[in-house]
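structure36.pdb follows; it contains PDB, C-alpha atoms.
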MODEL        1
ATOM      1  CA  MET A   1      27.669 -12.384  35.045
ATOM      2  CA  ALA A   2      28.225 -15.628  33.162
ATOM      3  CA  GLY A   3      24.686 -16.605  34.127
ATOM      4  CA  LEU A   4      23.294 -13.401  32.669
ATOM      5  CA  ILE A   5      25.194 -13.880  29.434
ATOM      6  CA  ARG A   6      23.978 -17.425  29.182
ATOM      7  CA  ALA A   7      20.408 -16.301  29.759
ATOM      8  CA  LEU A   8      20.688 -13.600  27.112
ATOM      9  CA  LEU A   9      22.194 -16.065  24.680
ATOM     10  CA  MET A  10      19.347 -18.480  25.275
ATOM     11  CA  LEU A  11      16.872 -15.676  24.658
ATOM     12  CA  ALA A  12      18.617 -14.732  21.435
ATOM     13  CA  LEU A  13      18.481 -18.320  20.252
ATOM     14  CA  LEU A  14      14.816 -18.584  21.138
ATOM     15  CA  ALA A  15      13.813 -15.336  19.462
ATOM     16  CA  PRO A  16      13.381 -16.718  15.924
ATOM     17  CA  ALA A  17      11.256 -19.547  17.246
ATOM     18  CA  LEU A  18       9.070 -17.084  19.124
ATOM     19  CA  ALA A  19       8.755 -14.828  16.094
ATOM     20  CA  GLN A  20       7.705 -17.718  13.928
ATOM     21  CA  ALA A  21       5.148 -18.906  16.421
ATOM     22  CA  ALA A  22       3.001 -15.881  15.556
ATOM     23  CA  ILE A  23       2.383 -17.203  12.031
ATOM     24  CA  GLU A  24       0.072 -20.160  11.946
ATOM     25  CA  VAL A  25       0.952 -23.478  10.398
ATOM     26  CA  ARG A  26      -1.297 -24.671   7.597
ATOM     27  CA  ASP A  27      -1.839 -28.127   6.255
ATOM     28  CA  PHE A  28      -2.064 -28.711   2.547
ATOM     29  CA  ASP A  29      -2.905 -32.057   0.994
ATOM     30  CA  ASP A  30      -1.487 -30.922  -2.282
ATOM     31  CA  PRO A  31       2.169 -29.803  -2.448
ATOM     32  CA  VAL A  32       1.390 -27.610  -5.478
ATOM     33  CA  MET A  33      -1.223 -25.809  -3.408
ATOM     34  CA  ARG A  34       1.323 -25.245  -0.670
ATOM     35  CA  GLU A  35       3.751 -23.828  -3.164
ATOM     36  CA  ARG A  36       1.151 -21.473  -4.571
ATOM     37  CA  PHE A  37       0.193 -20.381  -1.067
ATOM     38  CA  GLU A  38       3.789 -19.675  -0.226
ATOM     39  CA  SER A  39       4.493 -17.776  -3.412
ATOM     40  CA  LEU A  40       1.292 -15.712  -3.091
ATOM     41  CA  THR A  41       1.935 -14.805   0.536
ATOM     42  CA  ALA A  42       5.495 -13.846  -0.430
ATOM     43  CA  THR A  43       4.408 -11.503  -3.251
ATOM     44  CA  LEU A  44       1.542  -9.827  -1.402
ATOM     45  CA  ARG A  45       2.665  -6.891   0.675
ATOM     46  CA  CYS A  46       1.200  -6.258   4.085
ATOM     47  CA  PRO A  47      -0.738  -2.965   3.898
ATOM     48  CA  LYS A  48      -0.067  -2.135   7.523
ATOM     49  CA  CYS A  49       3.658  -2.786   7.763
ATOM     50  CA  GLN A  50       5.038  -0.953   4.727
ATOM     51  CA  ASN A  51       7.722  -3.400   3.770
ATOM     52  CA  GLN A  52       6.881  -6.929   4.720
ATOM     53  CA  ALA A  53       5.183  -9.675   2.773
ATOM     54  CA  ILE A  54       2.001 -10.987   4.366
ATOM     55  CA  GLY A  55       3.778 -14.312   4.714
ATOM     56  CA  ASP A  56       6.330 -12.743   7.060
ATOM     57  CA  SER A  57       4.162 -10.393   9.049
ATOM     58  CA  ASP A  58       2.295 -11.091  12.255
ATOM     59  CA  SER A  59       0.137  -7.980  11.998
ATOM     60  CA  PRO A  60      -3.573  -8.885  12.254
ATOM     61  CA  ILE A  61      -4.386  -7.715   8.733
ATOM     62  CA  ALA A  62      -1.621  -9.918   7.274
ATOM     63  CA  GLY A  63      -3.153 -12.850   9.151
ATOM     64  CA  ASP A  64      -6.572 -12.036   7.658
ATOM     65  CA  MET A  65      -5.077 -11.836   4.193
ATOM     66  CA  ARG A  66      -3.311 -15.194   4.548
ATOM     67  CA  GLU A  67      -6.638 -16.619   5.675
ATOM     68  CA  ARG A  68      -8.342 -15.294   2.519
ATOM     69  CA  VAL A  69      -5.565 -16.556   0.273
ATOM     70  CA  HIS A  70      -5.933 -19.983   1.854
ATOM     71  CA  GLU A  71      -9.738 -19.941   1.526
ATOM     72  CA  GLN A  72      -9.631 -18.906  -2.098
ATOM     73  CA  LEU A  73      -6.986 -21.470  -3.004
ATOM     74  CA  GLN A  74      -9.202 -24.143  -1.479
ATOM     75  CA  ALA A  75     -12.125 -22.745  -3.472
ATOM     76  CA  GLY A  76     -10.130 -23.304  -6.669
ATOM     77  CA  ARG A  77      -9.431 -19.689  -7.590
ATOM     78  CA  SER A  78      -6.487 -18.887  -9.833
ATOM     79  CA  ASP A  79      -3.488 -16.868  -8.626
ATOM     80  CA  LYS A  80      -4.588 -13.958 -10.775
ATOM     81  CA  GLU A  81      -8.082 -14.014  -9.310
ATOM     82  CA  ILE A  82      -6.663 -13.980  -5.806
ATOM     83  CA  LEU A  83      -4.346 -11.078  -6.584
ATOM     84  CA  ASP A  84      -7.231  -9.193  -8.225
ATOM     85  CA  PHE A  85      -9.317  -9.800  -5.116
ATOM     86  CA  MET A  86      -6.643  -8.221  -2.932
ATOM     87  CA  VAL A  87      -5.951  -5.298  -5.280
ATOM     88  CA  ARG A  88      -9.675  -4.466  -5.410
ATOM     89  CA  ARG A  89      -9.608  -3.970  -1.650
ATOM     90  CA  PHE A  90      -6.132  -2.730  -0.816
ATOM     91  CA  GLY A  91      -4.931  -1.224  -4.080
ATOM     92  CA  ASP A  92      -1.754  -1.735  -6.087
ATOM     93  CA  TYR A  93       0.206  -1.157  -2.895
ATOM     94  CA  VAL A  94      -0.137  -4.831  -1.951
ATOM     95  CA  LEU A  95       1.621  -6.091  -5.071
ATOM     96  CA  TYR A  96       5.357  -6.468  -4.713
ATOM     97  CA  ASN A  97       5.372  -7.142  -8.436
ATOM     98  CA  PRO A  98       3.554  -4.227 -10.036
ATOM     99  CA  ARG A  99       1.532  -5.128 -13.098
ATOM    100  CA  LEU A 100       2.430  -3.938 -16.555
ATOM    101  CA  GLU A 101      -0.361  -1.568 -17.541
ATOM    102  CA  GLY A 102      -0.834   1.988 -18.751
ATOM    103  CA  ARG A 103      -0.176   3.564 -15.385
ATOM    104  CA  THR A 104       2.923   1.483 -14.640
ATOM    105  CA  LEU A 105       4.480   1.849 -18.077
ATOM    106  CA  LEU A 106       6.921   4.474 -16.827
ATOM    107  CA  LEU A 107       7.842   2.303 -13.849
ATOM    108  CA  TRP A 108       8.689  -0.692 -16.027
ATOM    109  CA  GLY A 109       9.904   1.203 -19.062
ATOM    110  CA  LEU A 110      12.176   3.776 -17.443
ATOM    111  CA  PRO A 111      15.027   1.429 -16.390
ATOM    112  CA  ALA A 112      15.127  -0.153 -19.840
ATOM    113  CA  ALA A 113      14.962   3.262 -21.486
ATOM    114  CA  LEU A 114      17.786   4.526 -19.288
ATOM    115  CA  VAL A 115      19.987   1.535 -20.094
ATOM    116  CA  LEU A 116      19.308   1.908 -23.818
ATOM    117  CA  GLY A 117      19.834   5.664 -23.683
ATOM    118  CA  GLY A 118      23.045   5.261 -21.703
ATOM    119  CA  GLY A 119      24.345   2.635 -24.121
ATOM    120  CA  LEU A 120      23.547   4.862 -27.069
ATOM    121  CA  LEU A 121      25.299   7.790 -25.407
ATOM    122  CA  VAL A 122      28.426   5.718 -24.717
ATOM    123  CA  ALA A 123      28.455   4.392 -28.283
ATOM    124  CA  LEU A 124      28.139   7.909 -29.701
ATOM    125  CA  LEU A 125      30.878   9.253 -27.454
ATOM    126  CA  VAL A 126      33.247   6.414 -28.301
ATOM    127  CA  ARG A 127      32.635   6.869 -32.006
ATOM    128  CA  ALA A 128      33.082  10.602 -31.828
ATOM    129  CA  ARG A 129      36.320  10.221 -29.895
ATOM    130  CA  ARG A 130      37.671   7.600 -32.236
ATOM    131  CA  ARG A 131      36.923   9.739 -35.239
ATOM    132  CA  ALA A 132      38.462  12.781 -33.586
ATOM    133  CA  SER A 133      41.693  11.015 -32.673
ATOM    134  CA  ALA A 134      42.020   9.396 -36.098
ATOM    135  CA  GLY A 135      41.431  12.721 -37.819
ATOM    136  CA  ARG A 136      44.082  14.453 -35.763
ATOM    137  CA  LEU A 137      47.008  12.786 -37.608
ATOM    138  CA  SER A 138      48.704  15.015 -40.160
ATOM    139  CA  ASP A 139      49.831  13.619 -43.504
ATOM    140  CA  GLU A 140      53.382  13.466 -42.264
ATOM    141  CA  GLU A 141      52.373  11.498 -39.149
ATOM    142  CA  ARG A 142      50.268   9.162 -41.214
ATOM    143  CA  ALA A 143      53.192   8.437 -43.538
ATOM    144  CA  ARG A 144      55.405   7.706 -40.547
ATOM    145  CA  LEU A 145      52.795   5.491 -39.015
ATOM    146  CA  ASP A 146      52.419   3.543 -42.235
ATOM    147  CA  ALA A 147      56.164   3.117 -42.408
ATOM    148  CA  LEU A 148      56.316   1.848 -38.854
ATOM    149  CA  LEU A 149      53.501  -0.567 -39.450
ATOM    150  CA  GLU A 150      55.153  -1.831 -42.577
ATOM    151  CA  ARG A 151      58.403  -2.406 -40.730
ATOM    152  CA  GLU A 152      56.431  -4.369 -38.191
ATOM    153  CA  ASP A 153      55.042  -6.551 -40.967
ATOM    154  CA  ASP A 154      58.487  -7.280 -42.398
ATOM    155  CA  ARG A 155      59.802  -8.618 -39.164
TER     156      ARG A 155
ATOM    157  CA  MET B   1      28.078  24.462 -28.151
ATOM    158  CA  THR B   2      25.859  21.370 -28.192
ATOM    159  CA  ARG B   3      28.743  19.378 -26.703
ATOM    160  CA  ARG B   4      28.939  21.820 -23.826
ATOM    161  CA  LEU B   5      25.220  21.346 -23.204
ATOM    162  CA  LEU B   6      25.724  17.600 -23.225
ATOM    163  CA  LEU B   7      28.007  18.019 -20.236
ATOM    164  CA  LEU B   8      25.081  19.416 -18.281
ATOM    165  CA  LEU B   9      23.133  16.193 -18.798
ATOM    166  CA  PRO B  10      24.355  14.479 -15.604
ATOM    167  CA  LEU B  11      23.508  17.602 -13.605
ATOM    168  CA  ALA B  12      20.028  17.660 -15.115
ATOM    169  CA  GLY B  13      19.621  13.990 -14.259
ATOM    170  CA  PHE B  14      20.718  14.672 -10.724
ATOM    171  CA  LEU B  15      18.256  17.540 -10.362
ATOM    172  CA  VAL B  16      15.341  15.422 -11.540
ATOM    173  CA  LEU B  17      16.331  12.692  -9.107
ATOM    174  CA  ALA B  18      16.731  15.223  -6.292
ATOM    175  CA  VAL B  19      13.241  16.621  -6.888
ATOM    176  CA  PHE B  20      11.738  13.135  -6.745
ATOM    177  CA  LEU B  21      13.662  12.132  -3.650
ATOM    178  CA  TYR B  22      12.866  15.420  -1.911
ATOM    179  CA  ARG B  23       9.181  14.888  -2.651
ATOM    180  CA  GLY B  24       9.524  11.385  -1.252
ATOM    181  CA  LEU B  25      10.633  12.778   2.086
ATOM    182  CA  SER B  26       7.294  14.427   2.710
ATOM    183  CA  ILE B  27       5.041  11.594   1.505
ATOM    184  CA  ASP B  28       3.467   9.566   4.283
ATOM    185  CA  PRO B  29       3.345   5.971   3.030
ATOM    186  CA  ALA B  30       0.518   5.222   5.458
ATOM    187  CA  GLU B  31      -1.685   7.788   3.737
ATOM    188  CA  ARG B  32      -2.944   6.178   0.588
ATOM    189  CA  ASP B  33      -6.138   6.612  -1.293
ATOM    190  CA  SER B  34      -8.545   3.803  -0.791
ATOM    191  CA  ALA B  35      -8.742   1.341  -3.662
ATOM    192  CA  LEU B  36     -12.504   1.748  -3.361
ATOM    193  CA  MET B  37     -12.567   5.427  -4.220
ATOM    194  CA  ALA B  38     -15.525   6.128  -6.531
ATOM    195  CA  GLU B  39     -16.620   2.499  -6.107
ATOM    196  CA  PRO B  40     -19.900   1.405  -4.565
ATOM    197  CA  PHE B  41     -19.743   0.579  -0.875
ATOM    198  CA  PRO B  42     -19.139  -3.193  -0.599
ATOM    199  CA  ALA B  43     -22.143  -5.430  -0.025
ATOM    200  CA  PHE B  44     -22.598  -6.693   3.513
ATOM    201  CA  THR B  45     -25.107  -8.287   5.853
ATOM    202  CA  LEU B  46     -24.307  -7.615   9.474
ATOM    203  CA  THR B  47     -26.234  -7.412  12.702
ATOM    204  CA  THR B  48     -26.276  -4.218  14.689
ATOM    205  CA  LEU B  49     -24.199  -3.794  17.803
ATOM    206  CA  ALA B  50     -27.301  -3.022  19.851
ATOM    207  CA  ASP B  51     -29.468  -5.873  18.598
ATOM    208  CA  PRO B  52     -28.115  -9.272  17.477
ATOM    209  CA  GLU B  53     -31.527 -10.000  15.913
ATOM    210  CA  ARG B  54     -31.546  -6.966  13.657
ATOM    211  CA  SER B  55     -29.508  -7.300  10.507
ATOM    212  CA  LEU B  56     -28.756  -4.615   7.943
ATOM    213  CA  ASP B  57     -27.256  -4.477   4.472
ATOM    214  CA  GLU B  58     -25.677  -1.900   2.162
ATOM    215  CA  SER B  59     -29.046  -0.309   1.324
ATOM    216  CA  LEU B  60     -28.640   1.382   4.722
ATOM    217  CA  LEU B  61     -26.229   3.801   3.046
ATOM    218  CA  LYS B  62     -28.472   4.850   0.179
ATOM    219  CA  GLY B  63     -30.416   8.104   0.131
ATOM    220  CA  ARG B  64     -28.193  10.270   2.320
ATOM    221  CA  VAL B  65     -24.567  11.270   2.531
ATOM    222  CA  THR B  66     -23.117   9.179   5.336
ATOM    223  CA  LEU B  67     -19.829   9.057   7.171
ATOM    224  CA  VAL B  68     -18.908   5.441   7.924
ATOM    225  CA  ASN B  69     -16.423   5.170  10.767
ATOM    226  CA  VAL B  70     -14.585   1.927  11.484
ATOM    227  CA  TRP B  71     -13.719   1.698  15.174
ATOM    228  CA  GLY B  72     -13.040  -0.799  17.939
ATOM    229  CA  GLU B  73     -12.833  -0.762  21.694
ATOM    230  CA  TRP B  74      -9.237  -2.040  21.411
ATOM    231  CA  CYS B  75      -8.188   1.004  19.402
ATOM    232  CA  PRO B  76      -6.791   3.869  21.480
ATOM    233  CA  THR B  77      -6.943   6.523  18.757
ATOM    234  CA  CYS B  78     -10.642   5.747  18.291
ATOM    235  CA  LYS B  79     -11.174   7.118  21.793
ATOM    236  CA  GLN B  80      -9.398  10.333  20.904
ATOM    237  CA  GLU B  81     -11.529  10.591  17.803
ATOM    238  CA  MET B  82     -14.887  10.385  19.548
ATOM    239  CA  PRO B  83     -15.235  14.096  20.481
ATOM    240  CA  GLN B  84     -14.756  15.003  16.813
ATOM    241  CA  LEU B  85     -17.342  12.447  15.695
ATOM    242  CA  LEU B  86     -19.785  13.754  18.313
ATOM    243  CA  GLU B  87     -19.263  17.247  16.967
ATOM    244  CA  LEU B  88     -19.871  16.069  13.405
ATOM    245  CA  ALA B  89     -23.117  14.416  14.518
ATOM    246  CA  ASP B  90     -24.122  17.660  16.232
ATOM    247  CA  ARG B  91     -23.528  19.503  12.983
ATOM    248  CA  GLY B  92     -26.038  17.239  11.301
ATOM    249  CA  VAL B  93     -23.720  14.712   9.628
ATOM    250  CA  ARG B  94     -25.151  11.224   9.477
ATOM    251  CA  LEU B  95     -22.724   8.715  11.018
ATOM    252  CA  VAL B  96     -22.760   4.959  10.809
ATOM    253  CA  GLY B  97     -20.253   3.002  12.905
ATOM    254  CA  VAL B  98     -18.605  -0.297  12.175
ATOM    255  CA  ASP B  99     -17.509  -1.999  15.393
ATOM    256  CA  TYR B 100     -14.502  -3.819  13.969
ATOM    257  CA  LYS B 101     -13.051  -7.016  15.490
ATOM    258  CA  ASP B 102     -14.646  -6.387  18.820
ATOM    259  CA  THR B 103     -16.957  -8.132  21.245
ATOM    260  CA  ARG B 104     -20.474  -6.872  21.783
ATOM    261  CA  GLU B 105     -19.884  -6.118  25.466
ATOM    262  CA  LYS B 106     -16.691  -4.176  24.853
ATOM    263  CA  GLY B 107     -18.236  -2.266  21.965
ATOM    264  CA  ARG B 108     -21.247  -1.268  24.069
ATOM    265  CA  GLU B 109     -19.020  -0.303  26.972
ATOM    266  CA  PHE B 110     -17.005   1.917  24.661
ATOM    267  CA  LEU B 111     -20.112   3.758  23.494
ATOM    268  CA  SER B 112     -21.470   4.272  26.992
ATOM    269  CA  GLU B 113     -18.122   5.647  28.095
ATOM    270  CA  PHE B 114     -17.226   7.868  25.145
ATOM    271  CA  GLY B 115     -20.651   8.717  23.740
ATOM    272  CA  ASN B 116     -22.529   7.490  20.700
ATOM    273  CA  PRO B 117     -22.568   9.768  17.653
ATOM    274  CA  PHE B 118     -23.728   6.928  15.388
ATOM    275  CA  GLU B 119     -27.206   6.498  13.968
ATOM    276  CA  VAL B 120     -26.501   2.789  14.035
ATOM    277  CA  ASN B 121     -23.475   0.552  14.597
ATOM    278  CA  LEU B 122     -22.769  -2.496  12.486
ATOM    279  CA  PHE B 123     -21.181  -5.329  14.422
ATOM    280  CA  ASP B 124     -18.255  -6.833  12.485
ATOM    281  CA  PRO B 125     -16.488  -9.247  14.853
ATOM    282  CA  GLU B 126     -14.672 -11.147  12.078
ATOM    283  CA  GLY B 127     -13.647  -7.974  10.333
ATOM    284  CA  SER B 128     -15.285  -9.148   7.096
ATOM    285  CA  LEU B 129     -16.760  -5.777   6.124
ATOM    286  CA  GLY B 130     -13.513  -4.175   7.248
ATOM    287  CA  PHE B 131     -11.620  -6.490   4.914
ATOM    288  CA  ASP B 132     -13.879  -5.695   1.958
ATOM    289  CA  LEU B 133     -13.316  -2.014   2.695
ATOM    290  CA  GLY B 134      -9.554  -2.553   2.654
ATOM    291  CA  VAL B 135      -9.290  -1.454   6.273
ATOM    292  CA  TYR B 136      -5.919  -2.333   7.793
ATOM    293  CA  GLY B 137      -6.168  -0.448  11.040
ATOM    294  CA  ALA B 138      -8.671   1.595  12.939
ATOM    295  CA  PRO B 139      -9.917   4.228  12.911
ATOM    296  CA  GLU B 140     -10.692   4.659   9.243
ATOM    297  CA  THR B 141     -13.508   6.753   7.886
ATOM    298  CA  PHE B 142     -15.324   6.614   4.558
ATOM    299  CA  LEU B 143     -17.631   9.226   3.121
ATOM    300  CA  VAL B 144     -20.440   7.590   1.158
ATOM    301  CA  ASP B 145     -22.669   9.663  -1.110
ATOM    302  CA  ALA B 146     -26.433   9.307  -1.411
ATOM    303  CA  GLU B 147     -26.016   6.709  -4.178
ATOM    304  CA  GLY B 148     -23.903   4.535  -1.891
ATOM    305  CA  VAL B 149     -20.603   5.345  -3.636
ATOM    306  CA  ILE B 150     -17.403   5.919  -1.624
ATOM    307  CA  ARG B 151     -16.213   9.482  -2.155
ATOM    308  CA  TYR B 152     -13.606  10.152   0.474
ATOM    309  CA  HIS B 153     -11.365   8.049   2.681
ATOM    310  CA  HIS B 154      -9.639   9.129   5.870
ATOM    311  CA  THR B 155      -6.981   6.884   7.405
ATOM    312  CA  GLY B 156      -6.119   7.418  11.011
ATOM    313  CA  TYR B 157      -8.005   9.552  13.409
ATOM    314  CA  ILE B 158      -9.881  12.712  12.563
ATOM    315  CA  THR B 159      -8.240  15.579  14.411
ATOM    316  CA  PRO B 160     -10.244  18.565  15.697
ATOM    317  CA  GLN B 161      -8.768  20.612  12.824
ATOM    318  CA  ASP B 162      -9.808  17.984  10.267
ATOM    319  CA  VAL B 163     -13.466  18.486  11.203
ATOM    320  CA  GLU B 164     -13.592  22.027   9.826
ATOM    321  CA  ARG B 165     -10.873  21.771   7.228
ATOM    322  CA  VAL B 166     -11.525  18.425   5.620
ATOM    323  CA  ILE B 167     -14.570  16.493   6.726
ATOM    324  CA  LEU B 168     -17.295  19.160   6.683
ATOM    325  CA  PRO B 169     -16.221  20.531   3.266
ATOM    326  CA  GLU B 170     -16.188  16.984   1.841
ATOM    327  CA  VAL B 171     -19.652  16.314   3.242
ATOM    328  CA  ALA B 172     -20.905  19.610   1.795
ATOM    329  CA  THR B 173     -19.403  18.786  -1.618
ATOM    330  CA  TRP B 174     -21.193  15.480  -1.920
ATOM    331  CA  GLN B 175     -24.454  16.618  -0.356
ATOM    332  CA  ASP B 176     -25.369  18.596  -3.475
TER     333      ASP B 176
ENDMDL
END
Have the structure of the file written as structure tokens, please.
Amino acid sequence: MAGLIRALLMLALLAPALAQAAIEVRDFDDPVMRERFESLTATLRCPKCQNQAIGDSDSPIAGDMRERVHEQLQAGRSDKEILDFMVRRFGDYVLYNPRLEGRTLLLWGLPAALVLGGGLLVALLVRARRRASAGRLSDEERARLDALLEREDDR
Amino acid sequence: MTRRLLLLLPLAGFLVLAVFLYRGLSIDPAERDSALMAEPFPAFTLTTLADPERSLDESLLKGRVTLVNVWGEWCPTCKQEMPQLLELADRGVRLVGVDYKDTREKGREFLSEFGNPFEVNLFDPEGSLGFDLGVYGAPETFLVDAEGVIRYHHTGYITPQDVERVILPEVATWQD
């Protein structure tokens, strides 16, 4: 029993190493290039696996895409050019960071609009309530309130 | 009165959200339109599966409506799809195959075992044409019109029902 547990534990410890082995190691002479490669492969979404960046996926298409990103970086392409290249083939789906354009205006604008609208609503409600509660005092109450406040000042 | 209506605002918001979420339940995220819809078929130069000496390019797809099917020997659903493709060929649809990430021997074996509905098969061992087509699995099928423009994209395998219901009507639409 203890042997089995130990074996399972070993397997569990090895699992991350095995998972990582599926993604190839690349050499970069230039650390900036490496950084760009890593950020690009983290923002491109694997078209096959629904919610994994190509940098994390061992599906064959993710491997192909990493290969192209690497090739194009070496060829001196800009990040935007590389992203355009991928979008032309796989569509907007591969961008984890959707672009701001006509079609995505709602996507980007809606959260901001909701926050603004909500804030406006709260402000209006607070103002309305304040006005309502202030208006509810009768002349007699107001006089008493003034008197109380005055007494407070004298102290 | 208007204040009363204001109270319904959260309910309205909830309903809108519910409609969107309910719609989301029935959307298959694997079924997306190709990014190449209404775009010209990507340029390529590939040899044929049958003859390593014979190479073809995108002009192959000009002049006639063509169904381009991306397949591979390693792909189990491609085997299930073959009877439908054979039927489409019988019905006079022009089919061009792309043998995707395969070896020549395996590709040829596949065709001799399951039949060959294709006028010609392009051999794409590196998956370069597949990549330019945005293919991320096989089988995938593209309908290309006589001008060489992609008009319809089918991800996953073509079921027997799809032949009548989807593929043949699409072919007929673009043939005119």
Task: Surrounding residues of B:Lys101 excluding itself and chain neighbours under 3 positions, 7 Å, only C-alpha atoms, as a VMD selection string - done: chain B and resid 72 124 to 127
Selection from above, C-alpha atoms, as a PDB file, in the frame of the given file, can you write it?
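See part_16.pdb below for the written result:
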ATOM      1  CA  GLY B  72     -13.040  -0.799  17.939  1.00  0.00           C
ATOM      2  CA  ASP B 124     -18.255  -6.833  12.485  1.00  0.00           C
ATOM      3  CA  PRO B 125     -16.488  -9.247  14.853  1.00  0.00           C
ATOM      4  CA  GLU B 126     -14.672 -11.147  12.078  1.00  0.00           C
ATOM      5  CA  GLY B 127     -13.647  -7.974  10.333  1.00  0.00           C
TER       6      GLY B 127
END
Enumerate as a PDB file with C-alpha atoms, in the frame of the given file the residues belonging to chain B that approach chain A to within 8 Å, with all atoms listed in the file taken into account.
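Full text of selection-v2.pdb as output:
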ATOM      1  CA  PRO B  29       3.345   5.971   3.030  1.00  0.00           C
ATOM      2  CA  ALA B  30       0.518   5.222   5.458  1.00  0.00           C
ATOM      3  CA  SER B  34      -8.545   3.803  -0.791  1.00  0.00           C
ATOM      4  CA  ALA B  35      -8.742   1.341  -3.662  1.00  0.00           C
ATOM      5  CA  LEU B  36     -12.504   1.748  -3.361  1.00  0.00           C
ATOM      6  CA  PHE B 131     -11.620  -6.490   4.914  1.00  0.00           C
ATOM      7  CA  ASP B 132     -13.879  -5.695   1.958  1.00  0.00           C
ATOM      8  CA  LEU B 133     -13.316  -2.014   2.695  1.00  0.00           C
ATOM      9  CA  GLY B 134      -9.554  -2.553   2.654  1.00  0.00           C
ATOM     10  CA  VAL B 135      -9.290  -1.454   6.273  1.00  0.00           C
ATOM     11  CA  TYR B 136      -5.919  -2.333   7.793  1.00  0.00           C
ATOM     12  CA  GLY B 137      -6.168  -0.448  11.040  1.00  0.00           C
TER      13      GLY B 137
END
Open item on the list: Using the chain letters and numbers from this file, what does the PyMOL selection byres ((chain B and resi 82) around 12) select? Give the answer as a PyMOL selection string.
Closed with: chain B and resi 69-73+75-81+83-89+95+97+110-118+139+157-160+163
- [ ] For B:Val65, list every protein, DNA or RNA residue within 9 Å, evaluated using all atoms listed in the file, and leave out those in the same chain fewer than 6 positions away; present the list as a ChimeraX atom specification.
- [x] /B:93-94,143-148,171,174-175
- [ ] Given the file shown, determine the residues that the PyMOL selection byres ((chain A and resi 41) around 12) selects; report them as a PyMOL selection string.
- [x] chain A and resi 23+34-40+42-46+52-57+62-70+73+79+82-83+86+94-96
- [ ] Could you please determine the separation between atom CA of A:Asp153 and atom CA of A:Glu141 in Å, to one decimal place?
- [x]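 Calculated distance between atom CA of A:Asp153 and atom CA of A:Glu141 is 18.3 Å.
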